[in-house]
file entry.tsv (TSV, C-alpha atoms (C1' of nucleotides))
chain	number	residue	atom	x	y	z
A	1	MET	CA	-2.96	14.32	-6.42
A	2	ARG	CA	-0.48	17.17	-6.50
A	3	LEU	CA	-1.49	20.36	-8.26
A	4	THR	CA	1.50	21.96	-9.96
A	5	THR	CA	2.31	23.95	-13.07
A	6	LYS	CA	3.48	20.77	-14.77
A	7	GLY	CA	-0.02	19.38	-14.55
A	8	ARG	CA	-1.35	22.66	-15.85
A	9	TYR	CA	0.91	22.46	-18.90
A	10	ALA	CA	-0.42	18.99	-19.59
A	11	VAL	CA	-4.05	20.04	-19.21
A	12	THR	CA	-3.49	23.05	-21.44
A	13	ALA	CA	-1.89	20.93	-24.15
A	14	MET	CA	-4.65	18.33	-23.97
A	15	LEU	CA	-7.25	21.08	-24.12
A	16	ASP	CA	-5.57	22.48	-27.23
A	17	LEU	CA	-5.80	19.01	-28.72
A	18	ALA	CA	-9.47	18.79	-27.80
A	19	LEU	CA	-10.18	22.19	-29.35
A	20	HIS	CA	-8.66	21.10	-32.67
A	21	HIS	CA	-9.71	17.46	-32.70
A	22	ASP	CA	-11.59	17.94	-35.98
A	23	GLN	CA	-8.47	19.03	-37.86
A	24	GLY	CA	-6.72	15.67	-38.11
A	25	PRO	CA	-3.48	14.94	-36.25
A	26	ILE	CA	-2.26	18.00	-34.32
A	27	ARG	CA	1.45	18.78	-34.40
A	28	LEU	CA	3.27	19.53	-31.16
A	29	ALA	CA	4.88	22.47	-32.97
A	30	GLY	CA	1.42	24.00	-33.32
A	31	ILE	CA	0.61	23.52	-29.65
A	32	SER	CA	3.99	25.01	-28.81
A	33	ASP	CA	3.19	28.10	-30.91
A	34	ARG	CA	-0.32	28.58	-29.60
A	35	GLN	CA	0.29	27.83	-25.93
A	36	GLY	CA	3.86	29.04	-25.54
A	37	ILE	CA	5.26	25.76	-24.25
A	38	SER	CA	8.65	24.58	-25.48
A	39	LEU	CA	8.50	21.82	-28.08
A	40	SER	CA	10.94	19.51	-26.32
A	41	TYR	CA	9.09	19.85	-23.05
A	42	LEU	CA	5.85	19.00	-24.84
A	43	GLU	CA	7.51	15.92	-26.28
A	44	GLN	CA	8.35	14.74	-22.79
A	45	LEU	CA	4.84	15.41	-21.51
A	46	PHE	CA	3.27	13.63	-24.49
A	47	ALA	CA	5.52	10.62	-24.01
A	48	GLN	CA	3.92	10.23	-20.60
A	49	LEU	CA	0.42	10.96	-21.90
A	50	ARG	CA	0.91	8.37	-24.63
A	51	ARG	CA	1.98	5.71	-22.16
A	52	GLN	CA	-1.35	6.24	-20.36
A	53	ASP	CA	-3.23	5.99	-23.69
A	54	LEU	CA	-4.52	9.54	-23.25
A	55	VAL	CA	-3.20	10.41	-26.73
A	56	LYS	CA	-2.46	8.51	-29.94
A	57	SER	CA	0.43	9.49	-32.17
A	58	VAL	CA	0.71	9.50	-35.95
A	59	ARG	CA	4.29	9.57	-37.16
A	60	GLY	CA	5.70	11.00	-40.34
A	61	PRO	CA	4.79	14.13	-42.29
A	62	GLY	CA	1.22	15.27	-41.71
A	63	GLY	CA	1.38	13.40	-38.44
A	64	GLY	CA	0.77	14.57	-34.92
A	65	TYR	CA	-1.43	13.61	-32.00
A	66	HIS	CA	-5.05	12.65	-31.49
A	67	LEU	CA	-6.88	12.35	-28.22
A	68	GLY	CA	-6.87	8.74	-27.07
A	69	ARG	CA	-10.61	8.90	-26.37
A	70	HIS	CA	-13.26	11.52	-27.04
A	71	ALA	CA	-12.88	14.68	-24.99
A	72	GLY	CA	-15.88	13.94	-22.80
A	73	ALA	CA	-14.27	10.72	-21.59
A	74	ILE	CA	-10.97	12.26	-20.48
A	75	SER	CA	-10.94	13.82	-17.04
A	76	VAL	CA	-8.65	16.59	-15.87
A	77	ALA	CA	-7.60	14.31	-13.01
A	78	GLU	CA	-6.31	11.67	-15.43
A	79	VAL	CA	-4.21	14.17	-17.33
A	80	ILE	CA	-2.62	15.54	-14.18
A	81	ALA	CA	-1.98	12.08	-12.78
A	82	ALA	CA	-0.35	10.99	-16.03
A	83	VAL	CA	2.42	13.58	-15.89
A	84	ASN	CA	2.86	13.68	-12.12
A	85	GLU	CA	3.82	10.00	-11.85
A	86	ASP	CA	3.18	9.70	-8.14
A	87	THR	CA	6.42	10.36	-6.37
A	88	ASP	CA	5.85	7.75	-3.64
A	89	THR	CA	4.23	10.48	-1.48
A	90	THR	CA	6.92	10.40	1.24
A	91	ARG	CA	8.82	7.32	2.36
A	92	CYS	CA	6.41	4.46	3.20
A	93	GLY	CA	4.76	3.45	-0.07
A	94	GLY	CA	1.30	3.18	1.42
A	95	SER	CA	2.33	0.27	3.59
A	96	GLY	CA	1.88	2.37	6.70
A	97	ASP	CA	4.86	0.93	8.57
A	98	CYS	CA	6.80	4.17	8.41
A	99	GLN	CA	8.15	5.07	11.85
A	100	GLU	CA	5.91	2.75	13.85
A	101	GLY	CA	2.71	4.21	12.45
A	102	GLU	CA	3.84	7.72	13.21
A	103	THR	CA	3.60	9.35	9.81
A	104	CYS	CA	0.30	7.68	9.23
A	105	LEU	CA	-1.54	10.61	10.75
A	106	THR	CA	-0.13	12.65	7.91
A	107	HIS	CA	-0.42	9.83	5.48
A	108	HIS	CA	-4.05	8.85	5.86
A	109	LEU	CA	-5.18	12.41	6.19
A	110	TRP	CA	-3.43	13.55	3.06
A	111	MET	CA	-4.33	10.51	1.03
A	112	ASP	CA	-7.92	11.22	1.96
A	113	LEU	CA	-7.79	14.89	1.10
A	114	SER	CA	-6.05	14.33	-2.21
A	115	ASP	CA	-8.46	11.52	-3.01
A	116	GLN	CA	-11.33	13.93	-2.61
A	117	VAL	CA	-9.61	16.50	-4.78
A	118	ARG	CA	-8.99	13.80	-7.36
A	119	GLU	CA	-12.64	12.82	-7.27
A	120	PHE	CA	-13.56	16.43	-7.81
A	121	LEU	CA	-11.25	16.79	-10.82
A	122	GLN	CA	-12.42	13.44	-12.16
A	123	ASN	CA	-15.81	14.99	-12.70
A	124	ILE	CA	-14.42	17.65	-15.02
A	125	SER	CA	-13.71	16.41	-18.54
A	126	LEU	CA	-11.85	18.07	-21.39
A	127	GLY	CA	-15.21	18.04	-23.15
A	128	ASP	CA	-16.69	20.17	-20.36
A	129	LEU	CA	-13.86	22.68	-20.72
A	130	VAL	CA	-14.20	22.87	-24.51
A	131	GLN	CA	-17.85	23.91	-24.06
A	132	ARG	CA	-16.93	26.94	-21.98
A	133	GLN	CA	-17.44	30.27	-23.70
A	134	ASP	CA	-14.37	31.94	-22.20
A	135	ILE	CA	-12.13	29.14	-23.38
A	136	ARG	CA	-13.61	29.12	-26.90
A	137	ARG	CA	-13.06	32.86	-27.10
A	138	VAL	CA	-9.40	32.72	-26.06
A	139	SER	CA	-8.85	29.79	-28.41
A	140	GLN	CA	-10.25	31.72	-31.37
A	141	LYS	CA	-8.00	34.66	-30.54
A	142	GLN	CA	-5.01	32.31	-30.51
A	143	GLU	CA	-6.01	30.94	-33.90
A	144	ARG	CA	-6.24	34.41	-35.47
A	145	ARG	CA	-2.88	35.36	-34.00
A	146	THR	CA	-1.04	32.31	-35.33
A	147	LYS	CA	-2.73	32.71	-38.75
A	148	ASP	CA	-1.47	36.33	-38.83
A	149	GLN	CA	2.03	35.15	-38.04
A	150	GLU	CA	1.90	32.54	-40.78
A	151	ARG	CA	0.80	35.21	-43.27
A	152	LYS	CA	3.69	37.43	-42.25
A	153	VAL	CA	6.17	34.60	-42.66
A	154	ASP	CA	4.71	33.87	-46.11
A	155	GLN	CA	5.10	37.51	-47.14
A	156	ILE	CA	8.73	37.62	-46.02
A	157	LEU	CA	9.50	34.40	-47.83
A	158	ALA	CA	7.78	35.70	-50.99
A	159	SER	CA	9.68	39.01	-50.96
A	160	ASN	CA	12.97	37.16	-50.63
A	161	LEU	CA	12.56	35.22	-53.86
B	1	MET	CA	-3.88	26.47	-4.81
B	2	ARG	CA	-0.95	24.14	-5.27
B	3	LEU	CA	-1.04	20.83	-3.41
B	4	THR	CA	2.43	19.81	-2.31
B	5	THR	CA	4.14	18.03	0.56
B	6	LYS	CA	5.01	21.39	2.07
B	7	GLY	CA	1.34	22.14	2.53
B	8	ARG	CA	0.88	18.70	3.98
B	9	TYR	CA	3.57	19.33	6.58
B	10	ALA	CA	1.81	22.53	7.55
B	11	VAL	CA	-1.59	20.86	7.82
B	12	THR	CA	-0.10	18.02	9.86
B	13	ALA	CA	1.56	20.43	12.27
B	14	MET	CA	-1.60	22.50	12.64
B	15	LEU	CA	-3.62	19.34	13.20
B	16	ASP	CA	-1.17	18.32	15.93
B	17	LEU	CA	-1.74	21.71	17.50
B	18	ALA	CA	-5.50	21.26	17.29
B	19	LEU	CA	-5.29	17.81	18.87
B	20	HIS	CA	-3.40	19.22	21.88
B	21	HIS	CA	-5.06	22.61	22.14
B	22	ASP	CA	-6.19	21.88	25.72
B	23	GLN	CA	-2.62	21.41	26.98
B	24	GLY	CA	-1.48	25.03	26.96
B	25	PRO	CA	1.18	26.29	24.55
B	26	ILE	CA	2.55	23.45	22.41
B	27	ARG	CA	6.30	23.35	21.78
B	28	LEU	CA	7.58	22.85	18.25
B	29	ALA	CA	9.99	20.28	19.67
B	30	GLY	CA	6.97	18.19	20.64
B	31	ILE	CA	5.44	18.44	17.19
B	32	SER	CA	8.81	17.57	15.72
B	33	ASP	CA	8.96	14.41	17.86
B	34	ARG	CA	5.42	13.30	17.22
B	35	GLN	CA	5.20	14.07	13.51
B	36	GLY	CA	8.81	13.52	12.47
B	37	ILE	CA	9.35	16.96	10.98
B	38	SER	CA	12.65	18.74	11.58
B	39	LEU	CA	12.47	21.47	14.22
B	40	SER	CA	14.08	24.16	12.10
B	41	TYR	CA	11.78	23.45	9.22
B	42	LEU	CA	8.83	23.72	11.57
B	43	GLU	CA	10.14	27.08	12.74
B	44	GLN	CA	10.09	28.33	9.17
B	45	LEU	CA	6.62	27.02	8.54
B	46	PHE	CA	5.31	28.54	11.76
B	47	ALA	CA	6.86	31.90	10.94
B	48	GLN	CA	4.62	31.93	7.88
B	49	LEU	CA	1.61	30.62	9.78
B	50	ARG	CA	2.11	33.31	12.42
B	51	ARG	CA	2.23	36.07	9.82
B	52	GLN	CA	-1.22	34.91	8.67
B	53	ASP	CA	-2.48	34.90	12.29
B	54	LEU	CA	-3.18	31.18	12.05
B	55	VAL	CA	-1.12	30.60	15.22
B	56	LYS	CA	-0.15	32.68	18.24
B	57	SER	CA	3.22	32.26	19.88
B	58	VAL	CA	4.23	32.37	23.55
B	59	ARG	CA	7.94	32.98	24.03
B	60	GLY	CA	10.18	31.88	26.82
B	61	PRO	CA	10.20	28.68	28.88
B	62	GLY	CA	6.84	26.94	29.02
B	63	GLY	CA	6.02	28.73	25.80
B	64	GLY	CA	4.99	27.39	22.44
B	65	TYR	CA	2.14	27.86	20.01
B	66	HIS	CA	-1.63	28.18	20.20
B	67	LEU	CA	-4.06	28.07	17.31
B	68	GLY	CA	-4.90	31.60	16.25
B	69	ARG	CA	-8.60	30.78	16.26
B	70	HIS	CA	-10.57	27.74	17.36
B	71	ALA	CA	-10.02	24.67	15.21
B	72	GLY	CA	-13.46	24.82	13.65
B	73	ALA	CA	-12.69	28.25	12.21
B	74	ILE	CA	-9.43	27.30	10.47
B	75	SER	CA	-9.77	25.70	7.06
B	76	VAL	CA	-7.26	23.37	5.45
B	77	ALA	CA	-7.19	25.75	2.50
B	78	GLU	CA	-5.96	28.62	4.67
B	79	VAL	CA	-3.15	26.57	6.11
B	80	ILE	CA	-1.94	25.44	2.69
B	81	ALA	CA	-2.20	28.94	1.26
B	82	ALA	CA	-0.20	30.37	4.16
B	83	VAL	CA	2.91	28.29	3.47
B	84	ASN	CA	2.65	28.20	-0.31
B	85	GLU	CA	2.81	32.00	-0.68
B	86	ASP	CA	1.47	32.10	-4.24
B	87	THR	CA	4.41	32.07	-6.56
B	88	ASP	CA	2.85	34.46	-9.10
B	89	THR	CA	1.43	31.43	-10.97
B	90	THR	CA	3.49	31.97	-14.15
B	91	ARG	CA	4.54	35.34	-15.56
B	92	CYS	CA	1.54	37.68	-15.89
B	93	GLY	CA	0.34	38.45	-12.38
B	94	GLY	CA	-3.32	38.06	-13.21
B	95	SER	CA	-3.19	41.07	-15.49
B	96	GLY	CA	-3.82	38.87	-18.52
B	97	ASP	CA	-1.52	40.79	-20.86
B	98	CYS	CA	0.98	37.98	-21.08
B	99	GLN	CA	1.83	37.26	-24.72
B	100	GLU	CA	-1.11	39.12	-26.24
B	101	GLY	CA	-3.68	37.17	-24.28
B	102	GLU	CA	-2.13	33.91	-25.32
B	103	THR	CA	-1.45	32.26	-21.96
B	104	CYS	CA	-4.84	33.33	-20.73
B	105	LEU	CA	-6.38	30.09	-21.94
B	106	THR	CA	-4.14	28.38	-19.44
B	107	HIS	CA	-4.46	31.14	-16.94
B	108	HIS	CA	-8.22	31.44	-16.62
B	109	LEU	CA	-8.75	27.74	-16.79
B	110	TRP	CA	-6.26	26.97	-14.07
B	111	MET	CA	-7.30	29.85	-11.85
B	112	ASP	CA	-10.79	28.49	-12.09
B	113	LEU	CA	-9.86	24.91	-11.33
B	114	SER	CA	-7.67	25.82	-8.40
B	115	ASP	CA	-10.36	28.18	-7.11
B	116	GLN	CA	-12.78	25.29	-7.04
B	117	VAL	CA	-10.27	23.10	-5.24
B	118	ARG	CA	-9.67	25.92	-2.80
B	119	GLU	CA	-13.38	26.25	-2.20
B	120	PHE	CA	-13.53	22.53	-1.55
B	121	LEU	CA	-10.69	22.63	0.97
B	122	GLN	CA	-12.15	25.73	2.55
B	123	ASN	CA	-15.07	23.63	3.68
B	124	ILE	CA	-12.82	21.29	5.66
B	125	SER	CA	-11.69	22.69	9.01
B	126	LEU	CA	-9.09	21.44	11.43
B	127	GLY	CA	-12.04	20.91	13.78
B	128	ASP	CA	-13.58	18.51	11.27
B	129	LEU	CA	-10.35	16.54	11.06
B	130	VAL	CA	-9.94	16.34	14.84
B	131	GLN	CA	-13.37	14.68	15.05
B	132	ARG	CA	-12.34	11.85	12.78
B	133	GLN	CA	-11.92	8.47	14.48
B	134	ASP	CA	-8.93	7.36	12.41
B	135	ILE	CA	-7.04	10.53	13.22
B	136	ARG	CA	-7.82	10.35	16.94
B	137	ARG	CA	-6.59	6.76	16.97
B	138	VAL	CA	-3.28	7.54	15.28
B	139	SER	CA	-2.83	10.55	17.54
B	140	GLN	CA	-3.29	8.44	20.67
B	141	LYS	CA	-0.75	5.94	19.40
B	142	GLN	CA	1.71	8.78	18.84
B	143	GLU	CA	1.13	10.00	22.38
B	144	ARG	CA	1.82	6.59	23.89
B	145	ARG	CA	4.98	6.22	21.83
B	146	THR	CA	6.44	9.56	22.86
B	147	LYS	CA	5.53	8.94	26.50
B	148	ASP	CA	7.39	5.62	26.28
B	149	GLN	CA	10.42	7.37	24.88
B	150	GLU	CA	10.33	9.96	27.64
B	151	ARG	CA	10.19	7.20	30.24
B	152	LYS	CA	13.20	5.50	28.68
B	153	VAL	CA	15.15	8.75	28.67
B	154	ASP	CA	14.24	9.28	32.33
B	155	GLN	CA	15.47	5.79	33.22
B	156	ILE	CA	18.76	6.31	31.46
B	157	LEU	CA	19.26	9.64	33.17
B	158	ALA	CA	18.39	8.12	36.55
B	159	SER	CA	20.82	5.22	36.14
B	160	ASN	CA	23.59	7.65	35.26
B	161	LEU	CA	23.37	9.54	38.57
C	1	DT	C1'	21.00	34.63	36.26
C	2	DT	C1'	19.88	30.67	33.75
C	3	DA	C1'	17.63	27.85	30.71
C	4	DA	C1'	13.79	27.23	27.65
C	5	DA	C1'	11.59	28.42	24.06
C	6	DT	C1'	10.50	31.36	20.05
C	7	DC	C1'	12.65	34.19	16.49
C	8	DC	C1'	15.71	35.22	12.52
C	9	DT	C1'	19.12	34.79	8.77
C	10	DA	C1'	22.02	32.42	5.90
C	11	DG	C1'	23.44	28.53	3.69
C	12	DT	C1'	22.87	23.88	1.42
C	13	DA	C1'	21.72	19.24	-0.47
C	14	DA	C1'	18.17	16.91	-2.86
C	15	DT	C1'	14.42	17.03	-5.80
C	16	DT	C1'	11.46	18.80	-9.26
C	17	DT	C1'	10.54	21.73	-13.08
C	18	DA	C1'	11.33	23.38	-17.47
C	19	DG	C1'	14.05	23.39	-20.94
C	20	DT	C1'	18.12	22.36	-24.43
C	21	DC	C1'	20.75	19.42	-27.43
C	22	DG	C1'	21.59	15.95	-30.44
C	23	DG	C1'	20.52	12.49	-32.30
C	24	DG	C1'	17.39	8.67	-33.87
C	25	DT	C1'	12.96	6.35	-36.52
C	26	DA	C1'	8.65	6.04	-39.21
C	27	DT	C1'	6.34	7.60	-43.20
C	28	DA	C1'	3.89	10.63	-46.61
C	29	DA	C1'	4.94	12.84	-50.54
C	30	DA	C1'	8.10	14.58	-54.21
D	1	DT	C1'	14.05	6.20	-53.77
D	2	DT	C1'	15.01	10.23	-51.75
D	3	DT	C1'	13.63	13.87	-48.69
D	4	DA	C1'	11.41	16.38	-45.42
D	5	DT	C1'	8.33	15.99	-41.60
D	6	DA	C1'	7.13	14.78	-37.45
D	7	DC	C1'	7.31	11.75	-33.60
D	8	DC	C1'	10.67	9.27	-30.46
D	9	DC	C1'	14.46	8.96	-27.05
D	10	DG	C1'	18.13	9.89	-23.70
D	11	DA	C1'	21.30	12.73	-21.58
D	12	DC	C1'	22.31	16.97	-19.82
D	13	DT	C1'	21.39	21.64	-17.54
D	14	DA	C1'	19.59	25.90	-15.22
D	15	DA	C1'	16.35	27.57	-12.15
D	16	DA	C1'	13.20	27.00	-8.59
D	17	DT	C1'	11.42	24.68	-4.73
D	18	DT	C1'	11.73	21.69	-0.83
D	19	DA	C1'	13.57	20.14	3.28
D	20	DC	C1'	16.89	20.71	6.29
D	21	DT	C1'	21.19	22.50	9.06
D	22	DA	C1'	23.82	25.96	11.70
D	23	DG	C1'	24.25	29.54	14.56
D	24	DG	C1'	22.94	32.97	16.85
D	25	DA	C1'	19.44	36.74	19.05
D	26	DT	C1'	15.50	37.62	21.86
D	27	DT	C1'	11.99	36.92	25.29
D	28	DT	C1'	10.66	35.30	29.69
D	29	DA	C1'	9.45	31.90	33.51
D	30	DA	C1'	11.74	30.00	37.25
call {"tool": "encode", "arguments": {"input": "entry.tsv", "output": "structure tokens"}}
result
Amino acid sequence: MRLTTKGRYAVTAMLDLALHHDQGPIRLAGISDRQGISLSYLEQLFAQLRRQDLVKSVRGPGGGYHLGRHAGAISVAEVIAAVNEDTDTTRCGGSGDCQEGETCLTHHLWMDLSDQVREFLQNISLGDLVQRQDIRRVSQKQERRTKDQERKVDQILASNL
Amino acid sequence: MRLTTKGRYAVTAMLDLALHHDQGPIRLAGISDRQGISLSYLEQLFAQLRRQDLVKSVRGPGGGYHLGRHAGAISVAEVIAAVNEDTDTTRCGGSGDCQEGETCLTHHLWMDLSDQVREFLQNISLGDLVQRQDIRRVSQKQERRTKDQERKVDQILASNL
DNA sequence: TTAAATCCTAGTAATTTAGTCGGGTATAAA
DNA sequence: TTTATACCCGACTAAATTACTAGGATTTAA
């Protein structure tokens, strides 16, 4: 279980999805606007999330993404694991025959540590995060901001008629 | 608190140090042999570890490295943090003024998660790891292997006189 | 004085991250 | 039936990080 910014992007995007789950399919363009992540990068992340059934897609106009399960049943660990696609964790693929057992000191130790971290993150669900006051507050601020922007765009379009 | 292979290398090297703490200063060349990490890379890692007072160096022949404190007082979290040198964790340096509070959803959430992981790893010391049976076993195997190699080298040198 | 070891800097190949570009394809709505 | 919307897909790229190499300087025990 590596902890990197890529995983954070994925968790953020999934959290955005969880926060808006009652508004039908959520467009990636919206997530991109609200969270400041590039659309194409989101597409790549969601391709991986979809393969793990963490999200469901609806194609065509009015389409977007749903959570694959309800927010309480999706752990932060799953989301991170989905986009990190375990990079073989150095040479021997768990077989333990790397360098006559030499790297296994490293190997077992780290597997163990990261397992415990994984277990820890497995006990935090997107549902838990959505409940948090600080997150709700920031989310509402984001909503107001994007609504303002939409209004401005509308005004400009109207004045150009 | 990012979890990467770099941090693992550092923890492995420090653990090697802890396992041999009773044998005077430990040479990086020895750690390199036993753990299969390149010497120069170890030098870089130990430069960072030394700056954080996690190790003490002894220069000159017969020199090497000691743990900066006893193994029970060095946490895995410290070791990882020492070599990861926090890479500003995306744009706003904790100030929260990044994009009108926008990335702060991400920011707070992730800070919080990684803080909890840090706290978790802070409760695991090198001393704890040294106690573990599986680690002691692998370590002993490593010792035998390197001793064998030394013997072989000695034989070759002797036959070339 | 010599050799062993840490120290230090610079460079570099491989990998990962984050993103762009340019097209597809499914589908709701006009 | 057309069109616009949104997902889908693959290749390519810049920047950062990782892991490592090279080459020397410095300290110090023998």
call {"tool": "residues_near_point", "arguments": {"input": "entry.tsv", "point": "(4.0, 32.5, 35.3)", "cutoff": "12 Å", "atoms": "all atoms listed in the file", "output": "PDB file with C-alpha atoms (C1' of nucleotides), in the coordinates of the input"}}
result
ATOM      1  CA  VAL B  58       4.230  32.370  23.550  1.00  0.00           C
ATOM      2  CA  ARG B  59       7.940  32.980  24.030  1.00  0.00           C
ATOM      3  CA  GLY B  60      10.180  31.880  26.820  1.00  0.00           C
ATOM      4  CA  PRO B  61      10.200  28.680  28.880  1.00  0.00           C
ATOM      5  CA  GLY B  62       6.840  26.940  29.020  1.00  0.00           C
ATOM      6  CA  GLY B  63       6.020  28.730  25.800  1.00  0.00           C
TER       7      GLY B  63
ATOM      8  C1'  DT D  28      10.660  35.300  29.690  1.00  0.00           C
ATOM      9  C1'  DA D  29       9.450  31.900  33.510  1.00  0.00           C
ATOM     10  C1'  DA D  30      11.740  30.000  37.250  1.00  0.00           C
TER      11       DA D  30
END
call {"tool": "residues_near_point", "arguments": {"input": "entry.tsv", "point": "(9.6, 20.9, -10.1)", "cutoff": "9 Å", "atoms": "only C-alpha atoms (C1' of nucleotides)", "output": "VMD selection string"}}
result
(chain A and resid 4 to 6) or (chain C and resid 15 to 18) or (chain D and resid 16 to 17)
call {"tool": "interface_residues", "arguments": {"input": "entry.tsv", "of": "chain D", "to": "chain B", "cutoff": "8 Å", "atoms": "all atoms listed in the file", "output": "count of residues only"}}
result
7
call {"tool": "atom_distance", "arguments": {"input": "entry.tsv", "atom1": "CA of Asp16 in chain A", "atom2": "CA of Leu3 in chain A"}}
result
19.5 Å
call {"tool": "interface_residues", "arguments": {"input": "entry.tsv", "of": "chain B", "to": "chain A", "cutoff": "10 Å", "atoms": "all atoms listed in the file", "output": "short mmCIF file (atom, residue, chain, number, x, y, z; two decimals) with C-alpha atoms, in the frame of the given file"}}
result
data_model
loop_
_atom_site.label_atom_id
_atom_site.label_comp_id
_atom_site.auth_asym_id
_atom_site.auth_seq_id
_atom_site.Cartn_x
_atom_site.Cartn_y
_atom_site.Cartn_z
CA MET B 1 -3.88 26.47 -4.81
CA ARG B 2 -0.95 24.14 -5.27
CA LEU B 3 -1.04 20.83 -3.41
CA THR B 4 2.43 19.81 -2.31
CA THR B 5 4.14 18.03 0.56
CA GLY B 7 1.34 22.14 2.53
CA ARG B 8 0.88 18.70 3.98
CA TYR B 9 3.57 19.33 6.58
CA VAL B 11 -1.59 20.86 7.82
CA THR B 12 -0.10 18.02 9.86
CA ALA B 13 1.56 20.43 12.27
CA LEU B 15 -3.62 19.34 13.20
CA ASP B 16 -1.17 18.32 15.93
CA ASP B 33 8.96 14.41 17.86
CA ARG B 34 5.42 13.30 17.22
CA GLN B 35 5.20 14.07 13.51
CA GLY B 36 8.81 13.52 12.47
CA ILE B 37 9.35 16.96 10.98
CA VAL B 76 -7.26 23.37 5.45
CA THR B 89 1.43 31.43 -10.97
CA THR B 90 3.49 31.97 -14.15
CA GLN B 99 1.83 37.26 -24.72
CA GLU B 100 -1.11 39.12 -26.24
CA GLY B 101 -3.68 37.17 -24.28
CA GLU B 102 -2.13 33.91 -25.32
CA THR B 103 -1.45 32.26 -21.96
CA CYS B 104 -4.84 33.33 -20.73
CA LEU B 105 -6.38 30.09 -21.94
CA THR B 106 -4.14 28.38 -19.44
CA HIS B 107 -4.46 31.14 -16.94
CA HIS B 108 -8.22 31.44 -16.62
CA LEU B 109 -8.75 27.74 -16.79
CA TRP B 110 -6.26 26.97 -14.07
CA LEU B 113 -9.86 24.91 -11.33
CA SER B 114 -7.67 25.82 -8.40
CA GLN B 116 -12.78 25.29 -7.04
CA VAL B 117 -10.27 23.10 -5.24
CA ARG B 118 -9.67 25.92 -2.80
CA PHE B 120 -13.53 22.53 -1.55
CA LEU B 121 -10.69 22.63 0.97
CA ILE B 124 -12.82 21.29 5.66
CA LEU B 129 -10.35 16.54 11.06
CA ARG B 132 -12.34 11.85 12.78
CA ASP B 134 -8.93 7.36 12.41
CA ILE B 135 -7.04 10.53 13.22
CA ARG B 136 -7.82 10.35 16.94
CA ARG B 137 -6.59 6.76 16.97
CA VAL B 138 -3.28 7.54 15.28
CA SER B 139 -2.83 10.55 17.54
CA LYS B 141 -0.75 5.94 19.40
CA GLN B 142 1.71 8.78 18.84
CA GLU B 143 1.13 10.00 22.38
CA ARG B 145 4.98 6.22 21.83
#
call {"tool": "atom_distance", "arguments": {"input": "entry.tsv", "atom1": "CA of Gly68 in chain A", "atom2": "C1' of DA4 in chain D"}}
result
27.0 Å
call {"tool": "interface_residues", "arguments": {"input": "entry.tsv", "of": "chain C", "to": "chain B", "cutoff": "8 Å", "atoms": "all atoms listed in the file", "output": "list in words"}}
result
DA3, DA4, DA5 and DT6 of chain C
call {"tool": "atom_distance", "arguments": {"input": "entry.tsv", "atom1": "C1' of DT2 in chain D", "atom2": "C1' of DA30 in chain C"}}
result
8.5 Å
call {"tool": "axis_aligned_box", "arguments": {"input": "entry.tsv", "around": "range 1-20 of chain C", "padding_each_side": "5 Å", "output": "AutoDock Vina command-line options"}}
result
--center_x 17.0 --center_y 26.1 --center_z 5.9 --size_x 22.9 --size_y 28.3 --size_z 70.7
